[in-house]
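To be precise, the following lines are entry-v2.tsv, and they hold TSV, C-alpha atoms and all ligand atoms.
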```tsv
chain	number	residue	atom	x	y	z
A	30	MET	CA	-61.84	-55.47	10.17
A	31	ARG	CA	-59.02	-54.71	7.78
A	32	PHE	CA	-56.67	-51.72	8.23
A	33	GLU	CA	-58.49	-49.28	5.94
A	34	THR	CA	-61.88	-50.11	7.52
A	35	LYS	CA	-60.62	-49.89	11.10
A	36	ASN	CA	-59.08	-46.58	10.11
A	37	VAL	CA	-62.53	-44.95	9.78
A	38	HIS	CA	-64.62	-46.98	12.27
A	39	PHE	CA	-62.85	-46.59	15.60
A	40	GLN	CA	-65.59	-44.49	17.18
A	41	GLU	CA	-68.64	-46.26	18.64
A	42	LYS	CA	-72.06	-45.78	17.03
A	43	LEU	CA	-73.86	-43.08	18.99
A	44	ASP	CA	-77.14	-43.75	20.73
A	45	HIS	CA	-78.18	-40.27	21.79
A	46	THR	CA	-81.58	-38.80	21.30
A	47	GLU	CA	-80.00	-36.49	18.71
A	48	MET	CA	-78.23	-39.33	16.84
A	49	SER	CA	-75.48	-37.08	15.52
A	50	LYS	CA	-73.59	-38.83	12.68
A	51	THR	CA	-70.23	-37.61	13.93
A	52	LYS	CA	-69.02	-37.59	17.49
A	53	PRO	CA	-69.92	-34.36	19.33
A	54	ILE	CA	-67.12	-32.31	20.87
A	55	TYR	CA	-67.24	-32.63	24.65
A	56	GLN	CA	-65.79	-29.16	25.17
A	57	THR	CA	-66.00	-29.37	28.92
A	58	SER	CA	-63.55	-29.42	31.81
A	59	ALA	CA	-65.72	-31.79	33.88
A	60	PHE	CA	-68.77	-34.08	33.85
A	61	SER	CA	-71.84	-33.70	36.05
A	62	PHE	CA	-73.68	-36.22	38.22
A	63	HIS	CA	-77.28	-36.67	39.39
A	64	ASP	CA	-76.26	-37.21	43.01
A	65	LEU	CA	-73.46	-38.55	45.22
A	66	ASP	CA	-74.25	-42.19	44.42
A	67	ASP	CA	-74.01	-41.35	40.74
A	68	MET	CA	-70.60	-39.71	41.30
A	69	GLU	CA	-69.48	-42.71	43.34
A	70	SER	CA	-70.25	-44.88	40.30
A	71	PHE	CA	-67.28	-43.28	38.51
A	72	PHE	CA	-64.92	-44.51	41.21
A	73	LYS	CA	-66.46	-47.99	41.01
A	74	GLY	CA	-65.60	-48.01	37.30
A	75	GLU	CA	-69.25	-47.96	36.19
A	76	LYS	CA	-68.98	-44.52	34.61
A	77	SER	CA	-66.20	-43.38	32.28
A	78	TYR	CA	-65.89	-39.67	32.87
A	79	LEU	CA	-65.27	-37.34	35.82
A	80	TYR	CA	-62.88	-34.55	34.92
A	81	THR	CA	-61.24	-33.82	31.55
A	82	ARG	CA	-57.67	-34.06	32.82
A	83	VAL	CA	-58.50	-37.63	33.88
A	84	GLY	CA	-60.40	-38.51	30.70
A	85	ASN	CA	-62.59	-37.08	27.94
A	86	PRO	CA	-64.47	-38.89	25.13
A	87	ASN	CA	-62.70	-36.95	22.35
A	88	THR	CA	-59.17	-37.55	23.61
A	89	ASP	CA	-59.96	-41.17	24.49
A	90	ASP	CA	-61.16	-41.68	20.91
A	91	LEU	CA	-57.78	-40.64	19.57
A	92	GLY	CA	-56.00	-43.12	21.83
A	93	LYS	CA	-58.38	-45.88	20.79
A	94	GLY	CA	-58.19	-45.06	17.08
A	95	VAL	CA	-54.39	-45.25	17.03
A	96	ALA	CA	-54.31	-48.35	19.28
A	97	ASP	CA	-56.68	-50.16	16.87
A	98	LEU	CA	-54.33	-49.43	13.95
A	99	GLU	CA	-51.16	-50.27	15.90
A	100	GLY	CA	-52.72	-53.55	17.07
A	101	ALA	CA	-52.38	-52.60	20.75
A	102	ASP	CA	-54.74	-53.21	23.71
A	103	LYS	CA	-54.93	-49.55	24.56
A	104	GLY	CA	-53.85	-46.04	23.62
A	105	ALA	CA	-53.78	-42.69	25.37
A	106	ALA	CA	-53.54	-39.19	23.95
A	107	ALA	CA	-51.32	-36.43	25.30
A	108	SER	CA	-50.91	-32.72	24.61
A	109	SER	CA	-47.93	-33.16	22.24
A	110	GLY	CA	-45.57	-35.79	20.88
A	111	ILE	CA	-42.99	-34.81	23.47
A	112	SER	CA	-45.44	-35.10	26.38
A	113	ALA	CA	-46.49	-38.53	25.08
A	114	ILE	CA	-42.81	-39.56	25.01
A	115	LEU	CA	-42.29	-38.21	28.54
A	116	ALA	CA	-45.30	-40.17	29.86
A	117	ALA	CA	-44.13	-43.36	28.09
A	118	VAL	CA	-40.60	-43.07	29.46
A	119	LEU	CA	-41.76	-42.28	33.01
A	120	ALA	CA	-44.03	-45.34	32.88
A	121	VAL	CA	-40.96	-47.59	32.58
A	122	ALA	CA	-38.06	-45.57	34.09
A	123	LYS	CA	-37.65	-43.83	37.44
A	124	SER	CA	-34.94	-41.87	39.23
A	125	GLY	CA	-31.70	-43.88	39.27
A	126	ASP	CA	-32.49	-45.71	36.03
A	127	HIS	CA	-30.57	-45.63	32.76
A	128	ILE	CA	-31.87	-45.46	29.17
A	129	ILE	CA	-30.13	-46.28	25.91
A	130	ALA	CA	-31.39	-44.25	22.96
A	131	THR	CA	-30.38	-44.15	19.32
A	132	GLU	CA	-28.07	-41.22	18.57
A	133	ASP	CA	-30.02	-40.18	15.46
A	134	LEU	CA	-33.05	-39.20	17.54
A	135	TYR	CA	-35.54	-36.46	16.76
A	136	GLY	CA	-34.01	-33.24	18.15
A	137	GLY	CA	-36.81	-32.55	20.64
A	138	THR	CA	-36.55	-36.05	22.09
A	139	TYR	CA	-32.80	-35.59	22.43
A	140	GLN	CA	-33.46	-32.34	24.37
A	141	LEU	CA	-36.02	-34.06	26.62
A	142	MET	CA	-33.60	-36.83	27.52
A	143	ALA	CA	-30.35	-34.86	27.68
A	144	LYS	CA	-31.69	-31.71	29.38
A	145	GLU	CA	-34.80	-32.71	31.38
A	146	LEU	CA	-34.80	-36.42	32.23
A	147	ILE	CA	-31.30	-36.05	33.64
A	148	ASP	CA	-32.81	-33.68	36.26
A	149	PHE	CA	-35.38	-36.38	37.08
A	150	GLY	CA	-32.41	-38.66	37.86
A	151	ILE	CA	-32.80	-40.63	34.62
A	152	GLU	CA	-29.60	-40.85	32.59
A	153	THR	CA	-29.53	-41.52	28.83
A	154	SER	CA	-26.69	-42.87	26.67
A	155	PHE	CA	-27.00	-41.99	22.99
A	156	VAL	CA	-25.45	-44.74	20.88
A	157	ASP	CA	-25.23	-46.00	17.30
A	158	PHE	CA	-28.18	-48.43	16.95
A	159	THR	CA	-26.90	-49.69	13.58
A	160	ASN	CA	-24.16	-51.41	15.57
A	161	LYS	CA	-25.57	-54.17	17.80
A	162	ASP	CA	-22.42	-54.30	19.92
A	163	SER	CA	-22.50	-50.59	20.68
A	164	VAL	CA	-26.02	-51.03	22.11
A	165	ILE	CA	-25.04	-54.11	24.14
A	166	ASN	CA	-21.85	-52.47	25.40
A	167	ALA	CA	-23.86	-49.50	26.71
A	168	ILE	CA	-26.05	-51.73	28.93
A	169	LYS	CA	-25.45	-51.17	32.67
A	170	ASP	CA	-26.94	-52.74	35.81
A	171	ASN	CA	-29.51	-49.95	36.02
A	172	THR	CA	-30.48	-49.93	32.31
A	173	VAL	CA	-34.24	-50.36	31.89
A	174	LEU	CA	-35.09	-49.17	28.40
A	175	LEU	CA	-34.05	-49.19	24.73
A	176	TYR	CA	-35.50	-46.24	22.81
A	177	SER	CA	-35.52	-45.74	19.05
A	178	GLU	CA	-37.56	-44.59	16.04
A	179	SER	CA	-38.98	-46.81	13.27
A	180	ILE	CA	-37.83	-44.36	10.56
A	181	THR	CA	-35.35	-41.75	11.76
A	182	ASN	CA	-35.19	-38.04	11.11
A	183	PRO	CA	-33.83	-36.53	8.90
A	184	LEU	CA	-31.81	-39.27	7.15
A	185	LEU	CA	-34.62	-41.86	7.14
A	186	ARG	CA	-32.76	-44.85	8.48
A	187	VAL	CA	-35.20	-47.77	8.90
A	188	GLU	CA	-34.63	-49.23	12.37
A	189	ASN	CA	-34.04	-52.98	12.72
A	190	ILE	CA	-36.85	-53.33	15.27
A	191	GLU	CA	-36.44	-57.13	15.57
A	192	GLN	CA	-32.82	-56.60	16.60
A	193	VAL	CA	-33.75	-53.96	19.20
A	194	VAL	CA	-36.46	-56.24	20.66
A	195	GLY	CA	-34.03	-59.19	20.59
A	196	ILE	CA	-31.46	-57.32	22.70
A	197	ALA	CA	-34.19	-56.06	25.05
A	198	LYS	CA	-35.57	-59.59	25.63
A	199	GLU	CA	-32.12	-60.99	26.30
A	200	TYR	CA	-31.28	-58.29	28.87
A	201	LYS	CA	-34.84	-57.92	30.24
A	202	LEU	CA	-35.28	-54.32	29.13
A	203	LYS	CA	-38.37	-52.50	27.93
A	204	THR	CA	-38.61	-51.02	24.41
A	205	ILE	CA	-40.19	-47.81	23.11
A	206	ILE	CA	-40.39	-47.00	19.40
A	207	ASP	CA	-41.36	-43.60	18.03
A	208	ASN	CA	-43.50	-44.48	14.99
A	209	THR	CA	-44.23	-40.89	13.88
A	210	PHE	CA	-42.58	-41.02	10.44
A	211	ALA	CA	-43.81	-44.50	9.48
A	212	THR	CA	-47.33	-44.49	11.02
A	213	PRO	CA	-49.08	-47.85	11.54
A	214	TYR	CA	-50.02	-47.75	7.85
A	215	LEU	CA	-46.41	-48.71	7.07
A	216	ILE	CA	-44.91	-50.20	10.23
A	217	ARG	CA	-46.52	-51.70	13.35
A	218	PRO	CA	-43.77	-52.11	15.97
A	219	HIS	CA	-46.00	-54.00	18.49
A	220	GLU	CA	-46.13	-56.88	15.98
A	221	SER	CA	-42.37	-57.27	16.53
A	222	GLY	CA	-42.80	-57.25	20.32
A	223	VAL	CA	-42.20	-53.56	21.13
A	224	ASP	CA	-43.67	-52.59	24.52
A	225	LEU	CA	-44.75	-48.99	23.90
A	226	VAL	CA	-45.23	-47.10	20.64
A	227	VAL	CA	-45.27	-43.29	20.69
A	228	HIS	CA	-46.44	-40.77	18.11
A	229	SER	CA	-46.30	-37.11	17.49
A	230	ALA	CA	-49.93	-36.92	16.30
A	231	THR	CA	-49.03	-33.37	15.28
A	232	LYS	CA	-47.64	-35.06	12.15
A	233	TYR	CA	-49.34	-37.80	10.07
A	234	ILE	CA	-52.03	-38.86	12.58
A	235	GLY	CA	-53.51	-35.34	12.49
A	236	GLY	CA	-52.17	-34.80	9.00
A	237	HIS	CA	-53.26	-31.21	8.42
A	238	SER	CA	-50.72	-29.15	10.41
A	239	ASP	CA	-53.49	-27.66	12.56
A	240	LEU	CA	-52.93	-29.20	16.00
A	241	SER	CA	-50.37	-30.44	18.53
A	242	ALA	CA	-50.97	-33.88	20.03
A	243	GLY	CA	-49.27	-37.13	20.99
A	244	VAL	CA	-50.32	-40.75	21.46
A	245	VAL	CA	-48.89	-43.75	23.33
A	246	THR	CA	-50.06	-47.34	22.69
A	247	GLY	CA	-49.30	-50.62	24.45
A	248	SER	CA	-50.61	-53.43	26.66
A	249	ASN	CA	-53.35	-52.85	29.26
A	250	ALA	CA	-50.84	-53.20	32.09
A	251	LEU	CA	-48.30	-50.70	30.74
A	252	MET	CA	-50.94	-48.30	29.47
A	253	SER	CA	-52.54	-47.97	32.90
A	254	LYS	CA	-49.17	-46.61	34.07
A	255	VAL	CA	-48.85	-44.32	31.02
A	256	LYS	CA	-52.38	-43.00	31.53
A	257	ALA	CA	-51.63	-42.29	35.21
A	258	LYS	CA	-48.52	-40.32	34.21
A	259	ILE	CA	-50.47	-38.19	31.69
A	260	THR	CA	-53.15	-37.48	34.32
A	261	ASN	CA	-50.75	-36.78	37.16
A	262	ILE	CA	-48.36	-34.63	35.12
A	263	GLY	CA	-51.31	-32.84	33.53
A	264	SER	CA	-50.21	-33.36	29.94
A	265	ASN	CA	-53.69	-34.32	28.73
A	266	LEU	CA	-54.91	-33.29	25.29
A	267	GLY	CA	-57.80	-30.81	25.02
A	268	PRO	CA	-61.17	-32.11	23.70
A	269	PHE	CA	-61.21	-29.98	20.54
A	270	ASP	CA	-57.71	-31.02	19.49
A	271	GLY	CA	-58.67	-34.64	20.22
A	272	TRP	CA	-61.73	-34.30	17.99
A	273	LEU	CA	-59.70	-32.61	15.24
A	274	ALA	CA	-57.00	-35.29	15.38
A	275	CYS	CA	-59.68	-38.02	15.08
A	276	ARG	CA	-61.07	-36.30	11.99
A	277	GLY	CA	-57.57	-36.22	10.51
A	278	LEU	CA	-56.86	-39.82	11.50
A	279	LYS	CA	-59.76	-41.14	9.40
A	280	THR	CA	-57.93	-40.30	6.16
A	281	LEU	CA	-54.54	-41.69	7.28
A	282	SER	CA	-54.66	-44.63	4.84
A	283	LEU	CA	-55.55	-42.46	1.87
A	284	ARG	CA	-52.98	-39.81	2.74
A	285	MET	CA	-50.14	-42.25	3.40
A	286	GLU	CA	-50.85	-44.20	0.23
A	287	ARG	CA	-50.83	-41.07	-1.92
A	288	GLN	CA	-48.00	-39.26	-0.11
A	289	SER	CA	-45.72	-42.32	-0.14
A	290	ARG	CA	-46.32	-42.80	-3.86
A	291	ASN	CA	-45.61	-39.13	-4.59
A	292	ALA	CA	-42.48	-39.29	-2.42
A	293	SER	CA	-41.19	-42.34	-4.26
A	294	THR	CA	-41.75	-40.60	-7.63
A	295	LEU	CA	-39.94	-37.48	-6.41
A	296	ALA	CA	-37.03	-39.46	-4.93
A	297	ASN	CA	-36.53	-41.31	-8.23
A	298	TYR	CA	-36.66	-38.10	-10.17
A	299	LEU	CA	-34.24	-36.21	-7.90
A	300	ALA	CA	-31.70	-39.04	-7.99
A	301	SER	CA	-30.58	-37.97	-11.47
A	302	ASN	CA	-30.38	-34.22	-10.79
A	303	GLU	CA	-26.87	-32.82	-11.21
A	304	ASN	CA	-27.39	-30.28	-8.42
A	305	ILE	CA	-28.05	-32.99	-5.86
A	306	LYS	CA	-25.23	-34.92	-4.21
A	307	LYS	CA	-27.35	-37.52	-2.46
A	308	VAL	CA	-31.01	-38.52	-2.09
A	309	TYR	CA	-32.10	-40.19	1.14
A	310	TYR	CA	-35.22	-42.33	0.74
A	311	PRO	CA	-35.82	-45.78	2.30
A	312	THR	CA	-35.99	-48.77	-0.03
A	313	ALA	CA	-37.67	-51.50	2.01
A	314	ALA	CA	-39.47	-49.82	4.92
A	315	SER	CA	-42.70	-51.78	4.36
A	316	LYS	CA	-44.82	-53.64	1.81
A	317	LYS	CA	-47.13	-50.63	1.52
A	318	GLY	CA	-44.45	-48.07	0.73
A	319	ASN	CA	-41.46	-46.22	2.07
A	320	GLY	CA	-42.99	-43.14	3.62
A	321	ALA	CA	-43.54	-39.59	2.52
A	322	ILE	CA	-40.30	-37.92	3.56
A	323	VAL	CA	-37.39	-37.48	1.14
A	324	SER	CA	-34.16	-35.83	2.27
A	325	ILE	CA	-31.65	-34.41	-0.19
A	326	GLU	CA	-28.13	-33.18	0.12
A	327	LEU	CA	-27.55	-30.40	-2.39
A	328	ALA	CA	-24.28	-30.44	-4.30
A	329	GLU	CA	-21.46	-28.35	-2.83
A	330	HIS	CA	-21.70	-25.68	-5.56
A	331	VAL	CA	-25.40	-25.06	-4.77
A	332	ASP	CA	-26.39	-22.15	-2.51
A	333	VAL	CA	-28.95	-23.61	-0.09
A	334	HIS	CA	-30.46	-20.14	0.56
A	335	GLN	CA	-31.10	-19.66	-3.15
A	336	PHE	CA	-32.70	-23.10	-3.39
A	337	PHE	CA	-35.16	-22.24	-0.60
A	338	ARG	CA	-35.97	-18.88	-2.25
A	339	GLN	CA	-36.70	-20.57	-5.60
A	340	LEU	CA	-39.37	-22.90	-4.23
A	341	SER	CA	-42.54	-21.37	-5.68
A	342	TRP	CA	-45.59	-22.74	-3.82
A	343	VAL	CA	-43.71	-25.16	-1.53
A	344	LYS	CA	-43.69	-23.72	2.00
A	345	VAL	CA	-40.58	-23.59	4.17
A	346	VAL	CA	-41.73	-24.81	7.59
A	347	PRO	CA	-40.15	-26.37	10.69
A	348	THR	CA	-42.50	-29.39	10.61
A	349	LEU	CA	-43.67	-32.20	8.34
A	350	ALA	CA	-46.52	-34.51	7.40
A	351	GLY	CA	-49.22	-32.08	6.26
A	352	VAL	CA	-51.24	-32.67	3.10
A	353	GLU	CA	-49.21	-29.91	1.42
A	354	THR	CA	-45.63	-30.51	0.28
A	355	SER	CA	-43.20	-28.56	2.45
A	356	VAL	CA	-39.47	-28.33	3.11
A	357	THR	CA	-37.34	-27.98	6.21
A	358	TYR	CA	-33.73	-27.15	6.95
A	359	PRO	CA	-32.76	-29.67	9.69
A	360	LEU	CA	-29.55	-27.88	10.64
A	361	GLY	CA	-31.48	-24.69	11.42
A	362	THR	CA	-34.45	-26.36	13.16
A	363	SER	CA	-34.69	-29.91	14.56
A	364	HIS	CA	-30.92	-30.42	14.83
A	365	ARG	CA	-29.91	-26.99	16.11
A	366	SER	CA	-29.25	-28.34	19.59
A	367	VAL	CA	-27.53	-31.58	18.57
A	368	PRO	CA	-23.76	-31.36	19.25
A	369	GLU	CA	-21.75	-30.58	16.10
A	370	ALA	CA	-19.66	-33.75	16.26
A	371	THR	CA	-22.81	-35.91	16.43
A	372	ARG	CA	-24.42	-33.92	13.59
A	373	GLU	CA	-21.40	-34.43	11.37
A	374	ARG	CA	-21.23	-38.14	12.16
A	375	LEU	CA	-24.92	-38.46	11.34
A	376	GLY	CA	-24.58	-36.61	8.03
A	377	VAL	CA	-26.76	-33.61	8.96
A	378	SER	CA	-24.76	-31.22	6.79
A	379	THR	CA	-25.16	-27.56	5.78
A	380	ASN	CA	-26.67	-28.58	2.42
A	381	LEU	CA	-29.23	-31.05	3.79
A	382	VAL	CA	-32.89	-30.37	3.02
A	383	ARG	CA	-35.83	-32.47	4.23
A	384	ILE	CA	-38.89	-32.64	1.99
A	385	SER	CA	-42.29	-33.64	3.35
A	386	VAL	CA	-44.23	-34.75	0.29
A	387	GLY	CA	-47.94	-33.93	0.14
A	388	ILE	CA	-51.01	-35.12	-1.75
A	389	GLU	CA	-50.71	-32.76	-4.74
A	390	ASP	CA	-50.40	-33.96	-8.36
A	391	GLU	CA	-46.98	-35.60	-8.67
A	392	GLU	CA	-46.11	-33.65	-11.81
A	393	ASP	CA	-46.61	-30.33	-10.03
A	394	ILE	CA	-44.37	-31.51	-7.17
A	395	VAL	CA	-41.64	-32.62	-9.58
A	396	GLU	CA	-41.90	-29.32	-11.50
A	397	ALA	CA	-41.63	-27.22	-8.34
A	398	PHE	CA	-38.36	-28.95	-7.41
A	399	THR	CA	-37.03	-28.86	-10.99
A	400	GLU	CA	-37.53	-25.12	-10.94
A	401	ALA	CA	-35.96	-24.67	-7.53
A	402	LEU	CA	-32.96	-26.73	-8.65
A	403	SER	CA	-32.30	-24.75	-11.80
A	404	PHE	CA	-29.55	-22.21	-11.25
A	405	SER	CA	-28.19	-19.83	-13.85
B	501	LIG	C1	-42.38	-33.84	15.88
B	501	LIG	C2	-41.82	-35.08	16.43
B	501	LIG	C3	-41.82	-35.32	17.82
B	501	LIG	C4	-42.34	-34.30	18.82
B	501	LIG	O1	-43.69	-34.09	18.66
B	501	LIG	P1	-44.44	-32.73	19.09
B	501	LIG	O2	-45.85	-33.02	18.71
B	501	LIG	O3	-43.81	-31.62	18.35
B	501	LIG	O4	-44.25	-32.59	20.57
B	501	LIG	C5	-41.32	-36.52	18.27
B	501	LIG	N1	-40.81	-37.43	17.42
B	501	LIG	C6	-40.76	-37.24	16.10
B	501	LIG	C7	-40.18	-38.28	15.22
B	501	LIG	C8	-41.27	-36.06	15.55
B	501	LIG	O5	-41.22	-35.86	14.22
```
Could the structure of this file be written out as structure tokens, please?
Amino acid sequence: MRFETKNVHFQEKLDHTEMSKTKPIYQTSAFSFHDLDDMESFFKGEKSYLYTRVGNPNTDDLGKGVADLEGADKGAAASSGISAILAAVLAVAKSGDHIIATEDLYGGTYQLMAKELIDFGIETSFVDFTNKDSVINAIKDNTVLLYSESITNPLLRVENIEQVVGIAKEYKLKTIIDNTFATPYLIRPHESGVDLVVHSATKYIGGHSDLSAGVVTGSNALMSKVKAKITNIGSNLGPFDGWLACRGLKTLSLRMERQSRNASTLANYLASNENIKKVYYPTAASKKGNGAIVSIELAEHVDVHQFFRQLSWVKVVPTLAGVETSVTYPLGTSHRSVPEATRERLGVSTNLVRISVGIEDEEDIVEAFTEALSFS
């Protein structure tokens, strides 16, 4: 099947007496058995479900749906993007190991690595991934993993995934790519040889800003480790959120196509606005588009507070990727905890605004920003 068809047909046809067209929600903490032999059949691998923390049809569907689109053997869902990242990292790194991560990481991932993994005995070096030598020079005897993002936040740098995989192969390291901003509609890191792909399904996979979830995809061998981590840590996704995320996932192609097109229109339009110093929007992220996030740096004379107040129907929110256009202030949200020197080097300035472009009519989006950018 082609991408758009796989996108809506990842769930098996049901063969229940009721023949429900959509998958029912298995809102249950456990599964029941006829007798002890029947329960034993779970442990022999003849039955799929025992206890929801170990597995549930709705959360498994989400893992499978994303794995199909990423072109991976298997996927597993977790309770959030961060818990998916934790499970993925713990599947390849243990106490005493060292990780090299890109320095322009999502703020929450930076926190996880700098504040929590260090207490697990896993040390992370944050380096400039645009410079191949700086990555190679950071490699130590105990380095096991290179970690980056396909499109970074908030300045939308498109990672050179081939280069990351090339270094990893040469030094026998594993690779993890966070594909949240790109989604498999635009970029499929496994096709370049990446070991594990992680997602905050809270964003485009769910797409409607109504749930928290994460997904990891990869080979059967690695995913059995990831799945064990999710189960043993207890960071499984609940059945209802799994079901909701699957419903959102089915329109990923349509949403990404429309949102990327709207974003490209807005980026072109904003480029000539006198109140904007710089527009950040990728130029060659993929054949299908460049994503739905546009970041802008307002000119020095513009009051960022006034700009936010003048946005009529565009919501100010600390997230992205919903069907509605929204804006964020990275310095006050995702990058609050990033050290000032790193923030300055990365270009996360006081006048930086990140726009998550939605599915509305492009003229209305352009008008909303024209209005917000008119100062008297
Ligand atoms: C939001 C986000 C995360 C964290 O996901 P949660 O679902 O909030 O835990 C990780 N990576 C990226 C790129 C994100 O945008």
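For the pair CA of Glu99 (chain A) and CA of Ile180 (chain A), the interatomic distance is 15.5 Å.
Considering all atoms listed in the file, the residue among A:Asn261, A:Val345, A:Leu278, A:Ser378 positioned nearest to Ala328 (chain A) is A:Ser378.
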Using all atoms listed in the file, which residues of chain A come within 10 Å of ligand LIG 501 (chain B), and what is the closest atom pair for each, with the distance in Å to one decimal? Give it as CSV, sorted by chain and residue number.
```
residue,atom,partner,partner_atom,distance
A:Ala107,CA,B:LIG501,O2,9.2
A:Ser108,CA,B:LIG501,O2,7.8
A:Ser109,CA,B:LIG501,O4,4.1
A:Gly110,CA,B:LIG501,O1,3.4
A:Ile111,CA,B:LIG501,O4,3.9
A:Ser112,CA,B:LIG501,O4,6.4
A:Ala113,CA,B:LIG501,O4,7.8
A:Ile114,CA,B:LIG501,C5,7.5
A:Leu115,CA,B:LIG501,O4,9.9
A:Leu134,CA,B:LIG501,C7,7.6
A:Tyr135,CA,B:LIG501,C7,5.2
A:Gly136,CA,B:LIG501,C5,8.0
A:Gly137,CA,B:LIG501,C4,6.1
A:Thr138,CA,B:LIG501,C5,6.1
A:Tyr139,CA,B:LIG501,C5,9.5
A:Ser177,CA,B:LIG501,C7,9.6
A:Glu178,CA,B:LIG501,C7,6.9
A:Ser179,CA,B:LIG501,C7,8.8
A:Ile180,CA,B:LIG501,C7,8.0
A:Thr181,CA,B:LIG501,C7,6.9
A:Asn182,CA,B:LIG501,C7,6.5
A:Pro183,CA,B:LIG501,C7,9.1
A:Ile206,CA,B:LIG501,C7,9.7
A:Asp207,CA,B:LIG501,C7,6.1
A:Asn208,CA,B:LIG501,C7,7.0
A:Thr209,CA,B:LIG501,C7,5.0
A:Phe210,CA,B:LIG501,C7,6.0
A:Ala211,CA,B:LIG501,C7,9.2
A:Val227,CA,B:LIG501,N1,8.1
A:His228,CA,B:LIG501,N1,6.6
A:Ser229,CA,B:LIG501,O1,4.2
A:Ala230,CA,B:LIG501,O2,6.1
A:Thr231,CA,B:LIG501,O2,4.7
A:Lys232,CA,B:LIG501,C1,6.6
A:Tyr233,CA,B:LIG501,O5,9.3
A:Leu240,CA,B:LIG501,O2,8.5
A:Ser241,CA,B:LIG501,O2,5.2
A:Ala242,CA,B:LIG501,O2,5.4
A:Gly243,CA,B:LIG501,O2,5.8
A:Val244,CA,B:LIG501,O2,9.3
A:Pro347,CA,B:LIG501,C1,9.4
A:Thr348,CA,B:LIG501,C1,6.9
A:Leu349,CA,B:LIG501,O5,7.3
A:Ala350,CA,B:LIG501,O5,8.7
A:Ser363,CA,B:LIG501,C1,8.7
```
Exercise for the section: Show which residues sit within 12 Å of region 279-284 of chain A, as a ChimeraX atom specification. Count all atoms listed in the file, and ignore same-chain residues fewer than 5 positions away. Expected result: /A:31-40,51,90-91,94-95,98,211-215,230,232-237,272-274,289-292,317-318,320-321,350-353,386-389
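Shell of region 57-60 of chain A at 7 Å, with all atoms listed in the file counted and residues fewer than 2 places along the chain excluded, is Tyr55, Phe62, Tyr78, Leu79, Tyr80 and Thr81 of chain A.
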Practice task
Would you list the contacts of Ile196 (chain A) as a count of residues only, taking every protein, DNA or RNA residue within 9 Å and counting all atoms listed in the file, but skipping same-chain residues closer than 6 positions in sequence?
Solution key: 5
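Picture a line from CA of Thr354 (chain A) to CA of Ser238 (chain A); it runs 11.4 Å.
If you measure from each of A:Gly222, A:Gly84, A:Gly247, A:Gly74 to Ser264 (chain A) using only C-alpha atoms, the closest one turns out to be A:Gly84.
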